[in-house]
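Heads up, the thing below is written out as structure tokens.
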Amino acid sequence: MIAEKGTCGVDGDAAKGAPLALFDWDNTVVKNDIGSATAYWMIKNDKILQPEGADWATTSRFLTPDAIVALGAACGTEVAPGLPLPTASDLDCADEIVAVLDDETTSGKPAFAGYDHRRTKPAYAWAVQLMGGHTVDEVTEYARAARTENLAAPEGAEQTVGTTEVDGYVRYYPQIADLVKVLRTNGFDVRIISASAEPVVRVWSEELGLTPERAMGVRPFVENGVLTRHLEGCGGVADGEDSVIPYIDGKRCQVNEVVFGVNGPAAFDQLPADRRQVFAAGDSVTDVTFLGDATGARLVINRNNAELMCNAYDNSDDRWLVNPMFLDPKDRAEEPYPCSTKAYTAADGGKGAVHRVDGSVIEDQEDSVY
């Protein structure tokens with residue numbers, strides 16, 4: 001693919017016709033999650049600000065009543081809105097925030113509801129919305145501090161945030177860094193499309209020599225240099241509606257809008273083959289749409305995500321490449337992926353069969369690359 005599509009020694013630019021290569025970031029380019037790493041650093045360093053009116057409903061339109069009540073009870077109203085919550089010492093508040101970042105309250109109740117499951121994952125968006133009230137420069141500083149801390153931690157390390165044990169390290173995959181270098185050397189326009197905060201992705205992508213505009217992520221809506229609790233829209237979804245991020249179909253939307261200049265609802269549609277990425281790499285359902293759009297090759301890091309692995313192992317057009325995780329790879333899935341019955345998640349959250357482009361149902365698939 002590189003030899004056929006690339007041009008040795010040319011600096012690629014998709015706007016000038018160069019082949020486009022897209023990478024997810026978390027657990028594709030690096031081991032572990034830089035969005036979570038930054039959120040944990042902010043919690044440990046008292047950087048989460050009290051919401052407007054001490055009302056957590058203002059931080060996400062998709063928080064459930066149970067989550068709003070739980071956060072309010074844990075974090076209290078003593079701190080004035082806009083001032084830092086003492087999450088380094090207030091373990092109850094820290095624990096509740098960490099739990100909601102993982103999609104549920106500390107009591108095990110759902111934290112988010114009422115969203116399009118093919119366009120957003122509110123817990124990912126909330127990690128960005130928690131940055132509200134800080135400037136872009138401040139968030140960049142926090143991302144750099146979290147990066148330094150997580151790269152310095154021993155491989156496999158965990159950390160305690162509140163009283164919760166969470167991942168405590170991040171590592172660049174040298175194999176992926178090498179692939180990025182080779183693609184760039186061969187004239188590919190290499191870009192990141194991540195469901196972590198765009199300012200955070202831009203800090204981490206510097207290591208790969210990527211300029212800021214080539215690192216795309218969840219885009220916080222900024223007013224007067226300060227991040228709000230809202231997000232930029234895509235595909236005709238207005239800024240501040242907060243219902244689409246670079247997640248499944250939202251990743252296609254942002255690529256089509258930012259890279260190919262497609263505006264309005266058409267940004268959610270698949271472009272003609274000559275206006276799509278040649279190469280894509282990812283690891284989870286977050287990535288399944290933009291991976292499927294790639295016309296040359298699709299690299300999947302196997303993290304046992306059912307919908308993605310159904311497509312990858314079915315390999316109906318001989319474009320899918322499966323590789324185990326480079327660090328601490330997953331064990332083989334014990335049962336076949338339920339492709340024919342419940343591996344697909346619909347917009348309303350319902351489960352169903354995974355279909356090929358021609359509409360046929362993918363049979364259940366055995367896990368064979370692990």
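Identifiers in this document derive from the order of the structure tokens: chains are assigned A, B, ..., residues are numbered from 1 separately in each chain, and ligands are numbered from 1 in order of occurrence.
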In region 155-355 of chain A, DSSP alpha helix (DSSP H) residues written as a PyMOL selection string:
chain A and resi 174-185+198-205+249-258+288-293+306-314
Any idea what's packed within 12 Å of Arg298 (chain A), counting only C-alpha atoms, ignoring anything in its chain fewer than 2 positions away? Could you give it as a ChimeraX atom specification?
/A:1,21-24,277-283,287-296,300-301,308-309,311-313,315,317-323
Using only C-alpha atoms, tabulate the residues of region 223-279 of chain A lying at most 12 Å from any atom of region 10-19 of chain A, each with its closest atom pair and that distance in Å to one decimal, by chain and increasing residue number, as a Markdown table.
| residue | atom | partner | partner_atom | distance |
| --- | --- | --- | --- | --- |
| A:Val255 | CA | A:Ala14 | CA | 11.4 |
| A:Asn256 | CA | A:Ala14 | CA | 11.7 |
| A:Val258 | CA | A:Ala15 | CA | 10.6 |
| A:Val259 | CA | A:Ala14 | CA | 7.4 |
| A:Phe260 | CA | A:Ala15 | CA | 7.5 |
| A:Gly261 | CA | A:Ala15 | CA | 9.5 |
| A:Ala273 | CA | A:Pro19 | CA | 11.5 |
| A:Asp274 | CA | A:Gly17 | CA | 9.5 |
| A:Arg275 | CA | A:Gly17 | CA | 9.0 |
| A:Arg276 | CA | A:Pro19 | CA | 8.6 |
| A:Gln277 | CA | A:Pro19 | CA | 6.7 |
| A:Val278 | CA | A:Pro19 | CA | 6.0 |
| A:Phe279 | CA | A:Pro19 | CA | 8.2 |
Please write the residues from the selection above to a file, keeping N, CA and C atoms, as a short mmCIF file (atom, residue, chain, number, x, y, z; two decimals), in the first residue's frame.
data_model
loop_
_atom_site.label_atom_id
_atom_site.label_comp_id
_atom_site.auth_asym_id
_atom_site.auth_seq_id
_atom_site.Cartn_x
_atom_site.Cartn_y
_atom_site.Cartn_z
N VAL A 255 -13.57 14.32 10.23
CA VAL A 255 -12.60 14.16 9.14
C VAL A 255 -13.13 14.81 7.87
N ASN A 256 -14.37 14.51 7.51
CA ASN A 256 -14.94 15.06 6.29
C ASN A 256 -15.02 16.59 6.35
N VAL A 258 -13.19 18.77 8.52
CA VAL A 258 -11.91 19.45 8.71
C VAL A 258 -10.95 19.21 7.55
N VAL A 259 -10.86 17.97 7.10
CA VAL A 259 -9.87 17.63 6.08
C VAL A 259 -10.39 17.88 4.67
N PHE A 260 -11.66 17.50 4.43
CA PHE A 260 -12.19 17.55 3.07
C PHE A 260 -13.15 18.71 2.83
N GLY A 261 -13.43 19.51 3.85
CA GLY A 261 -14.23 20.71 3.66
C GLY A 261 -15.70 20.49 3.40
N ALA A 273 -14.64 7.25 -3.04
CA ALA A 273 -13.37 6.61 -2.68
C ALA A 273 -12.17 7.52 -2.93
N ASP A 274 -12.21 8.34 -3.97
CA ASP A 274 -11.05 9.18 -4.26
C ASP A 274 -10.95 10.38 -3.34
N ARG A 275 -11.90 10.53 -2.41
CA ARG A 275 -11.85 11.62 -1.43
C ARG A 275 -11.88 11.07 -0.01
N ARG A 276 -11.32 9.87 0.18
CA ARG A 276 -11.29 9.26 1.51
C ARG A 276 -9.85 8.90 1.88
N GLN A 277 -9.65 8.63 3.15
CA GLN A 277 -8.33 8.20 3.61
C GLN A 277 -7.95 6.87 2.97
N VAL A 278 -6.67 6.73 2.70
CA VAL A 278 -6.14 5.48 2.16
C VAL A 278 -5.90 4.48 3.28
N PHE A 279 -5.41 4.99 4.41
CA PHE A 279 -5.06 4.13 5.53
C PHE A 279 -5.72 4.64 6.80
#
Quick check for you: according to DSSP on this backbone, which residues of region 239-345 of chain A are classed as strand (DSSP E or B)? Reply as a VMD selection string.
chain A and resid 279 to 282 297 to 302 320 to 324 337 344 to 345
Distance query region 42-45 of chain A at most 7 Å, only C-alpha atoms, self and fewer than 6 positions along chain excluded, as a PyMOL selection string:
chain A and resi 87-88+94+161
Dump of C-alpha atoms for the selected residues, as a PDB file, in the first residue's frame:
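What ended up in selection-v3.pdb:
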ATOM      1  CA  THR A  87     -10.519  17.022  44.939  1.00  0.00           C
ATOM      2  CA  ALA A  88      -6.981  16.191  46.079  1.00  0.00           C
ATOM      3  CA  ALA A  94     -12.879  12.699  43.629  1.00  0.00           C
ATOM      4  CA  VAL A 161      -7.341   9.031  42.482  1.00  0.00           C
TER       5      VAL A 161
END
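Distances from A:Leu271, A:Ala74, A:Val139, A:Leu183 to Pro220 (chain A) were compared using only C-alpha atoms, and the smallest one belongs to A:Val139.
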Polymer residues at most 12 Å from Thr148 (chain A), only C-alpha atoms, same-chain spacing of 3 or more positions, as a list in words
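Those residues are Ile34, Ala37, Thr38, Trp41, Glu141, Tyr142, Ala143, Arg144, Ala145, Leu151, Ala152, Ala153, Gly168, Tyr169, Val170, Arg171, Val203 and Trp204 of chain A.
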Using all heavy atoms, can you write the selected residues to a file as a tab-separated table (two decimals), in the first residue's frame?
chain	number	residue	atom	x	y	z
A	34	ILE	N	-4.99	9.07	27.12
A	34	ILE	CA	-4.45	10.36	27.52
A	34	ILE	C	-5.53	11.31	28.03
A	34	ILE	O	-5.26	12.18	28.86
A	34	ILE	CB	-3.67	11.03	26.37
A	34	ILE	CG1	-4.57	11.31	25.16
A	34	ILE	CG2	-2.48	10.16	25.97
A	34	ILE	CD1	-3.89	12.13	24.07
A	37	ALA	N	-5.89	10.20	31.57
A	37	ALA	CA	-4.68	10.59	32.30
A	37	ALA	C	-4.72	12.07	32.67
A	37	ALA	O	-4.35	12.46	33.79
A	37	ALA	CB	-3.43	10.29	31.45
A	38	THR	N	-5.19	12.91	31.74
A	38	THR	CA	-5.27	14.35	32.02
A	38	THR	C	-6.35	14.64	33.05
A	38	THR	O	-6.16	15.46	33.97
A	38	THR	CB	-5.55	15.12	30.72
A	38	THR	OG1	-4.55	14.78	29.74
A	38	THR	CG2	-5.50	16.62	30.96
A	41	TRP	N	-5.07	13.72	36.45
A	41	TRP	CA	-4.10	14.71	36.93
A	41	TRP	C	-4.83	15.94	37.45
A	41	TRP	O	-4.48	16.48	38.50
A	41	TRP	CB	-3.15	15.10	35.80
A	41	TRP	CG	-2.05	16.01	36.26
A	41	TRP	CD1	-0.80	15.66	36.69
A	41	TRP	CD2	-2.11	17.45	36.37
A	41	TRP	NE1	-0.09	16.77	37.06
A	41	TRP	CE2	-0.86	17.88	36.88
A	41	TRP	CE3	-3.09	18.40	36.10
A	41	TRP	CZ2	-0.57	19.23	37.11
A	41	TRP	CZ3	-2.81	19.74	36.34
A	41	TRP	CH2	-1.58	20.15	36.83
A	141	GLU	N	-0.98	23.21	29.55
A	141	GLU	CA	-0.03	23.00	30.65
A	141	GLU	C	-0.39	21.75	31.44
A	141	GLU	O	0.49	20.95	31.80
A	141	GLU	CB	-0.05	24.23	31.56
A	141	GLU	CG	0.82	24.11	32.80
A	141	GLU	CD	0.60	25.25	33.77
A	141	GLU	OE1	0.16	26.34	33.34
A	141	GLU	OE2	0.84	25.04	34.99
A	142	TYR	N	-1.67	21.54	31.72
A	142	TYR	CA	-2.09	20.36	32.47
A	142	TYR	C	-1.78	19.09	31.67
A	142	TYR	O	-1.35	18.07	32.24
A	142	TYR	CB	-3.59	20.42	32.78
A	142	TYR	CG	-4.04	21.66	33.51
A	142	TYR	CD1	-5.37	22.09	33.43
A	142	TYR	CD2	-3.16	22.43	34.28
A	142	TYR	CE1	-5.80	23.23	34.10
A	142	TYR	CE2	-3.58	23.58	34.94
A	142	TYR	CZ	-4.90	23.98	34.83
A	142	TYR	OH	-5.33	25.11	35.48
A	143	ALA	N	-2.03	19.14	30.37
A	143	ALA	CA	-1.76	17.98	29.52
A	143	ALA	C	-0.27	17.65	29.52
A	143	ALA	O	0.12	16.47	29.56
A	143	ALA	CB	-2.25	18.24	28.10
A	144	ARG	N	0.58	18.67	29.48
A	144	ARG	CA	2.03	18.44	29.51
A	144	ARG	C	2.45	17.83	30.84
A	144	ARG	O	3.28	16.92	30.89
A	144	ARG	CB	2.79	19.74	29.26
A	144	ARG	CG	2.64	20.29	27.86
A	144	ARG	CD	3.66	21.40	27.57
A	144	ARG	NE	3.33	22.09	26.34
A	144	ARG	CZ	3.53	21.62	25.11
A	144	ARG	NH1	4.07	20.41	24.96
A	144	ARG	NH2	3.19	22.32	24.04
A	145	ALA	N	1.87	18.33	31.94
A	145	ALA	CA	2.21	17.80	33.25
A	145	ALA	C	1.77	16.33	33.38
A	145	ALA	O	2.52	15.49	33.90
A	145	ALA	CB	1.57	18.64	34.34
A	151	LEU	N	4.49	9.22	31.53
A	151	LEU	CA	5.63	8.61	30.84
A	151	LEU	C	6.71	8.19	31.83
A	151	LEU	O	7.46	7.24	31.59
A	151	LEU	CB	6.21	9.58	29.81
A	151	LEU	CG	5.34	9.85	28.58
A	151	LEU	CD1	6.02	10.89	27.68
A	151	LEU	CD2	5.06	8.58	27.79
A	152	ALA	N	6.80	8.92	32.96
A	152	ALA	CA	7.82	8.61	33.97
A	152	ALA	C	7.43	7.42	34.84
A	152	ALA	O	8.30	6.75	35.40
A	152	ALA	CB	8.07	9.83	34.85
A	153	ALA	N	6.14	7.15	34.95
A	153	ALA	CA	5.68	6.04	35.80
A	153	ALA	C	6.11	4.71	35.21
A	153	ALA	O	6.21	4.56	33.99
A	153	ALA	CB	4.16	6.09	35.94
A	168	GLY	N	-2.03	4.28	35.69
A	168	GLY	CA	-1.11	5.33	36.11
A	168	GLY	C	0.05	5.55	35.19
A	168	GLY	O	1.02	6.23	35.56
A	169	TYR	N	-0.01	5.00	33.97
A	169	TYR	CA	1.10	5.20	33.04
A	169	TYR	C	0.57	5.22	31.61
A	169	TYR	O	-0.53	4.73	31.32
A	169	TYR	CB	2.15	4.08	33.18
A	169	TYR	CG	1.79	2.80	32.45
A	169	TYR	CD1	2.41	2.45	31.26
A	169	TYR	CD2	0.81	1.93	32.96
A	169	TYR	CE1	2.08	1.28	30.60
A	169	TYR	CE2	0.48	0.76	32.30
A	169	TYR	CZ	1.12	0.44	31.12
A	169	TYR	OH	0.79	-0.72	30.45
A	170	VAL	N	1.34	5.81	30.74
A	170	VAL	CA	1.07	5.80	29.30
A	170	VAL	C	2.41	5.54	28.60
A	170	VAL	O	3.46	6.00	29.06
A	170	VAL	CB	0.47	7.15	28.81
A	170	VAL	CG1	0.30	7.15	27.29
A	170	VAL	CG2	-0.86	7.42	29.50
A	171	ARG	N	2.36	4.81	27.49
A	171	ARG	CA	3.56	4.57	26.70
A	171	ARG	C	3.23	4.75	25.21
A	171	ARG	O	2.20	4.26	24.73
A	171	ARG	CB	4.09	3.15	26.90
A	171	ARG	CG	4.74	2.90	28.23
A	171	ARG	CD	6.06	3.65	28.39
A	171	ARG	NE	6.71	3.30	29.64
A	171	ARG	CZ	6.44	3.85	30.83
A	171	ARG	NH1	5.51	4.80	30.91
A	171	ARG	NH2	7.08	3.47	31.91
A	203	VAL	N	-0.80	18.12	22.32
A	203	VAL	CA	0.41	18.02	23.14
A	203	VAL	C	1.11	16.69	22.90
A	203	VAL	O	2.32	16.64	22.64
A	203	VAL	CB	0.06	18.19	24.63
A	203	VAL	CG1	1.22	17.75	25.52
A	203	VAL	CG2	-0.31	19.63	24.94
A	204	TRP	N	0.35	15.61	22.96
A	204	TRP	CA	0.96	14.29	22.83
A	204	TRP	C	1.47	14.00	21.42
A	204	TRP	O	2.45	13.28	21.23
A	204	TRP	CB	-0.05	13.22	23.24
A	204	TRP	CG	-0.21	13.09	24.72
A	204	TRP	CD1	-0.97	13.87	25.54
A	204	TRP	CD2	0.42	12.13	25.57
A	204	TRP	NE1	-0.87	13.45	26.85
A	204	TRP	CE2	-0.02	12.39	26.90
A	204	TRP	CE3	1.29	11.07	25.34
A	204	TRP	CZ2	0.40	11.61	27.99
A	204	TRP	CZ3	1.71	10.30	26.43
A	204	TRP	CH2	1.27	10.57	27.73
Interatomic distance (Å, one decimal) between CA of Glu104 (chain A) and CA of Ala125 (chain A):
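We find that CA of Glu104 (chain A) and CA of Ala125 (chain A) lie 14.4 Å from each other.
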So what do you get for CA of Ser205 (chain A) versus CA of Arg303 (chain A), distance-wise?
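Spanning CA of Ser205 (chain A) to CA of Arg303 (chain A) is a straight-line distance of 22.0 Å.
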Shortest interatomic distance to Lys47 (chain A) - which of A:Cys75, A:Gly82, A:Asn263, A:Leu63, counting only C-alpha atoms
A:Gly82
Return as JSON lines the residues of region 104-161 of chain A lying at most 6 Å from region 329-351 of chain A, together with the closest atom-to-atom pair for each and the distance in Å to one decimal, counting only C-alpha atoms, with rows in chain order and ascending residue number.
{"residue": "A:Asp116", "atom": "CA", "partner": "A:Ala347", "partner_atom": "CA", "distance": 4.8}
{"residue": "A:His117", "atom": "CA", "partner": "A:Ala347", "partner_atom": "CA", "distance": 4.6}
{"residue": "A:Arg118", "atom": "CA", "partner": "A:Ala347", "partner_atom": "CA", "distance": 5.1}
Take CA of Gly6 (chain A) and CA of Glu257 (chain A) and report the distance between them in Å, one decimal.
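That distance, rounded to one decimal, is 23.7 Å.
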Extract, using only C-alpha atoms, all DNA, RNA and protein residues at most 8 Å from region 225-228 of chain A, discarding same-chain residues fewer than 2 positions from it, and format them as a PyMOL selection string.
chain A and resi 129+131-136+220-223+230-231
Could the residues in this selection be written to a file with all heavy atoms, as an mmCIF file, in the first residue's frame?
data_model
loop_
_atom_site.group_PDB
_atom_site.id
_atom_site.type_symbol
_atom_site.label_atom_id
_atom_site.label_comp_id
_atom_site.auth_asym_id
_atom_site.auth_seq_id
_atom_site.Cartn_x
_atom_site.Cartn_y
_atom_site.Cartn_z
ATOM 1 N N GLN A 129 -15.502 18.495 29.083
ATOM 2 C CA GLN A 129 -16.336 19.528 29.712
ATOM 3 C C GLN A 129 -15.873 19.860 31.133
ATOM 4 O O GLN A 129 -16.074 20.977 31.611
ATOM 5 C CB GLN A 129 -17.799 19.066 29.687
ATOM 6 C CG GLN A 129 -18.365 19.038 28.261
ATOM 7 C CD GLN A 129 -19.661 18.265 28.139
ATOM 8 O OE1 GLN A 129 -19.751 17.116 28.595
ATOM 9 N NE2 GLN A 129 -20.675 18.872 27.534
ATOM 10 N N MET A 131 -12.989 20.469 31.873
ATOM 11 C CA MET A 131 -11.942 21.480 31.716
ATOM 12 C C MET A 131 -12.517 22.893 31.643
ATOM 13 O O MET A 131 -11.768 23.868 31.590
ATOM 14 C CB MET A 131 -11.145 21.197 30.435
ATOM 15 C CG MET A 131 -10.421 19.872 30.446
ATOM 16 S SD MET A 131 -9.693 19.498 28.822
ATOM 17 C CE MET A 131 -8.847 17.956 29.187
ATOM 18 N N GLY A 132 -13.849 22.998 31.625
ATOM 19 C CA GLY A 132 -14.497 24.301 31.520
ATOM 20 C C GLY A 132 -14.022 25.274 32.574
ATOM 21 O O GLY A 132 -13.832 24.923 33.741
ATOM 22 N N GLY A 133 -13.827 26.535 32.168
ATOM 23 C CA GLY A 133 -13.361 27.583 33.063
ATOM 24 C C GLY A 133 -11.879 27.843 32.991
ATOM 25 O O GLY A 133 -11.393 28.853 33.519
ATOM 26 N N HIS A 134 -11.136 26.958 32.321
ATOM 27 C CA HIS A 134 -9.699 27.136 32.156
ATOM 28 C C HIS A 134 -9.396 27.667 30.750
ATOM 29 O O HIS A 134 -10.168 27.445 29.810
ATOM 30 C CB HIS A 134 -8.965 25.816 32.370
ATOM 31 C CG HIS A 134 -9.050 25.300 33.772
ATOM 32 N ND1 HIS A 134 -8.382 25.876 34.823
ATOM 33 C CD2 HIS A 134 -9.742 24.257 34.301
ATOM 34 C CE1 HIS A 134 -8.638 25.213 35.933
ATOM 35 N NE2 HIS A 134 -9.475 24.218 35.647
ATOM 36 N N THR A 135 -8.273 28.323 30.599
ATOM 37 C CA THR A 135 -7.851 28.795 29.284
ATOM 38 C C THR A 135 -7.233 27.641 28.504
ATOM 39 O O THR A 135 -6.836 26.612 29.082
ATOM 40 C CB THR A 135 -6.824 29.927 29.392
ATOM 41 O OG1 THR A 135 -5.609 29.403 29.964
ATOM 42 C CG2 THR A 135 -7.347 31.074 30.250
ATOM 43 N N VAL A 136 -7.105 27.820 27.195
ATOM 44 C CA VAL A 136 -6.458 26.809 26.356
ATOM 45 C C VAL A 136 -5.025 26.601 26.816
ATOM 46 O O VAL A 136 -4.535 25.460 26.873
ATOM 47 C CB VAL A 136 -6.511 27.225 24.877
ATOM 48 C CG1 VAL A 136 -5.728 26.233 24.016
ATOM 49 C CG2 VAL A 136 -7.959 27.313 24.392
ATOM 50 N N PRO A 220 -13.550 21.589 22.515
ATOM 51 C CA PRO A 220 -14.309 22.412 23.455
ATOM 52 C C PRO A 220 -14.657 23.752 22.830
ATOM 53 O O PRO A 220 -13.871 24.310 22.056
ATOM 54 C CB PRO A 220 -13.346 22.586 24.634
ATOM 55 C CG PRO A 220 -11.986 22.392 24.043
ATOM 56 C CD PRO A 220 -12.156 21.398 22.932
ATOM 57 N N PHE A 221 -15.838 24.265 23.146
ATOM 58 C CA PHE A 221 -16.233 25.581 22.643
ATOM 59 C C PHE A 221 -15.568 26.637 23.523
ATOM 60 O O PHE A 221 -15.703 26.621 24.749
ATOM 61 C CB PHE A 221 -17.749 25.734 22.671
ATOM 62 C CG PHE A 221 -18.238 26.972 21.987
ATOM 63 C CD1 PHE A 221 -18.187 27.091 20.608
ATOM 64 C CD2 PHE A 221 -18.717 28.044 22.722
ATOM 65 C CE1 PHE A 221 -18.620 28.243 19.970
ATOM 66 C CE2 PHE A 221 -19.164 29.201 22.097
ATOM 67 C CZ PHE A 221 -19.105 29.298 20.710
ATOM 68 N N VAL A 222 -14.822 27.537 22.887
ATOM 69 C CA VAL A 222 -14.003 28.515 23.599
ATOM 70 C C VAL A 222 -14.585 29.912 23.418
ATOM 71 O O VAL A 222 -14.913 30.311 22.289
ATOM 72 C CB VAL A 222 -12.549 28.476 23.092
ATOM 73 C CG1 VAL A 222 -11.691 29.528 23.807
ATOM 74 C CG2 VAL A 222 -11.952 27.075 23.295
ATOM 75 N N GLU A 223 -14.723 30.638 24.513
ATOM 76 C CA GLU A 223 -15.164 32.033 24.475
ATOM 77 C C GLU A 223 -14.139 32.894 25.195
ATOM 78 O O GLU A 223 -13.802 32.621 26.353
ATOM 79 C CB GLU A 223 -16.535 32.192 25.141
ATOM 80 C CG GLU A 223 -17.691 31.577 24.355
ATOM 81 C CD GLU A 223 -19.037 31.821 25.019
ATOM 82 O OE1 GLU A 223 -19.055 32.077 26.242
ATOM 83 O OE2 GLU A 223 -20.070 31.736 24.324
ATOM 84 N N HIS A 230 -19.274 23.550 26.950
ATOM 85 C CA HIS A 230 -19.913 23.085 25.716
ATOM 86 C C HIS A 230 -18.877 22.731 24.660
ATOM 87 O O HIS A 230 -17.689 23.032 24.805
ATOM 88 C CB HIS A 230 -20.887 24.150 25.201
ATOM 89 C CG HIS A 230 -22.045 24.397 26.117
ATOM 90 N ND1 HIS A 230 -23.041 23.474 26.296
ATOM 91 C CD2 HIS A 230 -22.353 25.455 26.921
ATOM 92 C CE1 HIS A 230 -23.928 23.938 27.165
ATOM 93 N NE2 HIS A 230 -23.530 25.137 27.565
ATOM 94 N N LEU A 231 -19.347 22.099 23.588
ATOM 95 C CA LEU A 231 -18.475 21.564 22.553
ATOM 96 C C LEU A 231 -18.852 22.112 21.195
ATOM 97 O O LEU A 231 -20.011 22.462 20.952
ATOM 98 C CB LEU A 231 -18.576 20.031 22.528
ATOM 99 C CG LEU A 231 -18.403 19.316 23.871
ATOM 100 C CD1 LEU A 231 -18.711 17.838 23.724
ATOM 101 C CD2 LEU A 231 -16.995 19.520 24.420
#
Shell around Glu232 (chain A) at 9 Å using only C-alpha atoms, local window under 4 positions removed, as a tab-separated table (two decimals) with N, CA and C atoms, in the first residue's frame:
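Final output, saved to selection07.tsv:
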chain	number	residue	atom	x	y	z
A	218	VAL	N	-11.87	15.97	20.41
A	218	VAL	CA	-13.08	16.64	20.90
A	218	VAL	C	-12.76	18.12	21.06
A	219	ARG	N	-13.60	18.96	20.46
A	219	ARG	CA	-13.30	20.39	20.40
A	219	ARG	C	-14.15	21.16	21.40
A	220	PRO	N	-13.55	21.59	22.51
A	220	PRO	CA	-14.31	22.41	23.45
A	220	PRO	C	-14.66	23.75	22.83
A	221	PHE	N	-15.84	24.27	23.15
A	221	PHE	CA	-16.23	25.58	22.64
A	221	PHE	C	-15.57	26.64	23.52
A	222	VAL	N	-14.82	27.54	22.89
A	222	VAL	CA	-14.00	28.51	23.60
A	222	VAL	C	-14.58	29.91	23.42
A	237	VAL	N	-24.82	19.92	13.24
A	237	VAL	CA	-25.13	19.99	14.67
A	237	VAL	C	-24.49	21.26	15.21
A	238	ALA	N	-25.27	22.12	15.83
A	238	ALA	CA	-24.79	23.43	16.24
A	238	ALA	C	-23.78	23.34	17.38
A	239	ASP	N	-22.87	24.32	17.41
A	239	ASP	CA	-21.99	24.46	18.56
A	239	ASP	C	-22.84	24.60	19.82
A	240	GLY	N	-22.44	23.91	20.87
A	240	GLY	CA	-23.16	24.00	22.13
A	240	GLY	C	-24.27	23.00	22.29
A	241	GLU	N	-24.64	22.31	21.20
A	241	GLU	CA	-25.66	21.26	21.33
A	241	GLU	C	-25.08	20.02	22.00
A	242	ASP	N	-23.76	19.83	21.84
A	242	ASP	CA	-22.99	18.83	22.58
A	242	ASP	C	-23.36	17.39	22.26
A	244	VAL	N	-22.47	15.59	19.40
A	244	VAL	CA	-21.59	14.86	18.49
A	244	VAL	C	-20.14	15.18	18.85
A	245	ILE	N	-19.34	14.13	18.95
A	245	ILE	CA	-17.90	14.24	19.14
A	245	ILE	C	-17.25	13.26	18.16
If you count only C-alpha atoms, which residues fall within 9 Å of Thr77 (chain A), apart from same-chain ones fewer than 6 positions away, as a list in words?
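Within the cut-off, the hits are Gln50, Gly53, Ala54 and Asp55 of chain A.
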